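J.: Would you mind keeping the following structure in view while I ask a few things?
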Amino acid sequence: MNSIKWLIILAALSLIGFQAKAQVFTKYQSTETSTVSVTGTSTLHNWSEKLKKFDVSFLSNESGTQTIVVKDVQFKAQVGNLESESSLMSDKTFTALKKAKYPLISFVSDQETTMSLSGDKFSGKVSGKLTVAGTTKEVLIPIEGTLENGAIAISCVYPISMSDYGIKPPTALFGSIKSGNDIQVHFNLKFNK
């Protein structure tokens with residue numbers, strides 16, 4: 001009889017200890033002041049495009065510790081929301097990204113990333129799956145951020161080689177103007193709970 005009592009007490013203490021260590025995560029959503037742009041080169045000049053509309057969210061736990069934990073990162077954007085300085089360039093981008101067949105660009109991370117806080121600043125690398133033009137790759141994206149008054153700001157510049165995603169760099173004027181294979185994606189994201 002005593003062994004059953006001790007077993008029940010041990011089980012109850014284990015359950016209480018587990019609940020005390022459970023982390024509470026809060027969902028953060030990108031705000032309208034967030035920006036994403038893409039820059040690249042061509043044989044004529046450097047170019048840039050802006051992503052007019054996109055959605056980014058993640059779960060975070062930064063409650064009273066010297067670390068910030070990020071998980072369940074979700075980024076989604078329609079290829080058709082990329083905007084360049086000319087409609088011809090936009091059309092070339094849509095064709096290169098195979099918009100008709102693969103209209104969505106996405107990044108998904110289901111792993112937890114723990115980063116140290118130094119004052120209100122943090123940095124780290126978020127791993128996940130990036131899908132562009134129907135090709136999915138495991139990537140590691142370096143980020144820097146700040147945590148202030150419950151809001152989070154994250155920035156990064158992430159290089160991509162178009163050929164890694166089966167994208168043929170766009171050309172114009174019968175091939176006399178060619179885009180470079182390497183581009184950079186610039187993220188300046190602001191999040192609220």
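Identifiers in this document derive from the order of the structure tokens: chains are assigned A, B, ..., residues are numbered from 1 separately in each chain, and ligands are numbered from 1 in order of occurrence.
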Could you list, as a list of chain:residue names, every residue within 8 Å of Asp110 (chain A), counting only C-alpha atoms and ignoring same-chain residues fewer than 3 positions away?
T.: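 Skipping anything fewer than 3 positions along the chain leaves A:Lys71, A:Asp72, A:Val73, A:Gly128.
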J.: How close does each residue of region 88-131 of chain A get to region 39-63 of chain A, giving the shortest atom pair and distance in Å to one decimal for every residue with an atom at most 10 Å away, counting only C-alpha atoms, sorted by chain and residue number, as JSON lines?
T.:
```
{"residue": "A:Met89", "atom": "CA", "partner": "A:Glu49", "partner_atom": "CA", "distance": 9.1}
{"residue": "A:Ser90", "atom": "CA", "partner": "A:Glu49", "partner_atom": "CA", "distance": 8.3}
{"residue": "A:Thr93", "atom": "CA", "partner": "A:Glu49", "partner_atom": "CA", "distance": 9.4}
{"residue": "A:Ile105", "atom": "CA", "partner": "A:Phe54", "partner_atom": "CA", "distance": 9.5}
{"residue": "A:Ser106", "atom": "CA", "partner": "A:Asp55", "partner_atom": "CA", "distance": 9.6}
{"residue": "A:Phe107", "atom": "CA", "partner": "A:Val56", "partner_atom": "CA", "distance": 9.1}
{"residue": "A:Val108", "atom": "CA", "partner": "A:Phe58", "partner_atom": "CA", "distance": 9.7}
{"residue": "A:Ser109", "atom": "CA", "partner": "A:Phe58", "partner_atom": "CA", "distance": 9.0}
{"residue": "A:Asp110", "atom": "CA", "partner": "A:Phe58", "partner_atom": "CA", "distance": 9.7}
{"residue": "A:Glu112", "atom": "CA", "partner": "A:Ser60", "partner_atom": "CA", "distance": 9.2}
{"residue": "A:Thr113", "atom": "CA", "partner": "A:Ser60", "partner_atom": "CA", "distance": 9.5}
{"residue": "A:Thr114", "atom": "CA", "partner": "A:Asn61", "partner_atom": "CA", "distance": 9.4}
{"residue": "A:Met115", "atom": "CA", "partner": "A:Glu62", "partner_atom": "CA", "distance": 9.9}
{"residue": "A:Leu117", "atom": "CA", "partner": "A:Glu62", "partner_atom": "CA", "distance": 9.1}
```
J.: Print the selection's residues with C-alpha atoms to a file, as an mmCIF file, in the first residue's frame.
T.:
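Result saved to again17.cif:
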```
data_model
loop_
_atom_site.group_PDB
_atom_site.id
_atom_site.type_symbol
_atom_site.label_atom_id
_atom_site.label_comp_id
_atom_site.auth_asym_id
_atom_site.auth_seq_id
_atom_site.Cartn_x
_atom_site.Cartn_y
_atom_site.Cartn_z
ATOM 1 C CA MET A 89 10.934 43.363 -65.993
ATOM 2 C CA SER A 90 8.025 42.192 -63.834
ATOM 3 C CA THR A 93 10.492 37.825 -63.381
ATOM 4 C CA ILE A 105 7.147 31.504 -52.518
ATOM 5 C CA SER A 106 7.383 30.112 -48.987
ATOM 6 C CA PHE A 107 9.692 29.510 -46.051
ATOM 7 C CA VAL A 108 8.720 27.166 -43.222
ATOM 8 C CA SER A 109 10.681 26.333 -40.093
ATOM 9 C CA ASP A 110 9.327 23.863 -37.585
ATOM 10 C CA GLU A 112 13.165 25.919 -32.395
ATOM 11 C CA THR A 113 15.939 28.503 -32.643
ATOM 12 C CA THR A 114 17.344 29.798 -29.352
ATOM 13 C CA MET A 115 19.275 33.077 -29.454
ATOM 14 C CA LEU A 117 19.728 38.467 -25.820
#
```
J.: Apply DSSP to the backbone of this structure and, from region 14-187 of chain A, keep only the residues in strand (DSSP E); write these as a VMD selection string.
T.: chain A and resid 26 to 30 35 to 40 47 to 51 55 to 61 67 to 78 82 to 84 104 to 109 113 to 118 121 to 132 135 to 148 151 to 161 171 to 172 177 to 178 182 to 187
J.: Per DSSP on the backbone, filter region 1-171 of chain A down to the residues in helix (DSSP H, G or I) and report them as number ranges by chain.
T.: A: 2-21, 79-81, 87-96, 162-165
J.: Just want the 6 Å neighbourhood of region 153-157 of chain A, counted on only C-alpha atoms, with same-chain residues fewer than 5 positions away dropped. Output as a PDB file with C-alpha atoms, in the first residue's frame.
T.:
```pdb
ATOM      1  CA  ILE A 143      19.062  37.132 -38.757  1.00  0.00           C
ATOM      2  CA  GLU A 144      19.628  40.093 -36.475  1.00  0.00           C
ATOM      3  CA  GLY A 145      16.911  41.572 -34.356  1.00  0.00           C
ATOM      4  CA  THR A 146      15.750  43.737 -31.506  1.00  0.00           C
ATOM      5  CA  VAL A 185      16.756  39.131 -50.631  1.00  0.00           C
ATOM      6  CA  HIS A 186      16.543  41.988 -48.104  1.00  0.00           C
ATOM      7  CA  PHE A 187      14.214  41.527 -45.126  1.00  0.00           C
ATOM      8  CA  ASN A 188      13.285  44.365 -42.750  1.00  0.00           C
ATOM      9  CA  LEU A 189      10.474  42.916 -40.707  1.00  0.00           C
ATOM     10  CA  LYS A 190       8.519  44.346 -37.794  1.00  0.00           C
TER      11      LYS A 190
END
```
J.: Using only C-alpha atoms, find the one residue out of A:Ala133, A:Val139, A:Leu88, A:Ile152 that sits nearest to Lys101 (chain A).
T.: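 Ranked by minimum distance to Lys101 (chain A), first place goes to A:Ala133.
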J.: Tell me which of A:Ile183, A:Leu147, A:Met162, A:Ala172 sits closest to Asp120 (chain A), counting only C-alpha atoms.
T.: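 Closest candidate: A:Leu147.
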J.: Within 8 Å of Thr31 (chain A), counting only C-alpha atoms, which residues show up once you throw out same-chain ones fewer than 2 positions away? Write them as a list in words, please.
T.: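 In the requested format, the answer is Gln29, Thr33, Ser34, Leu189, Lys190, Phe191 and Asn192 of chain A.
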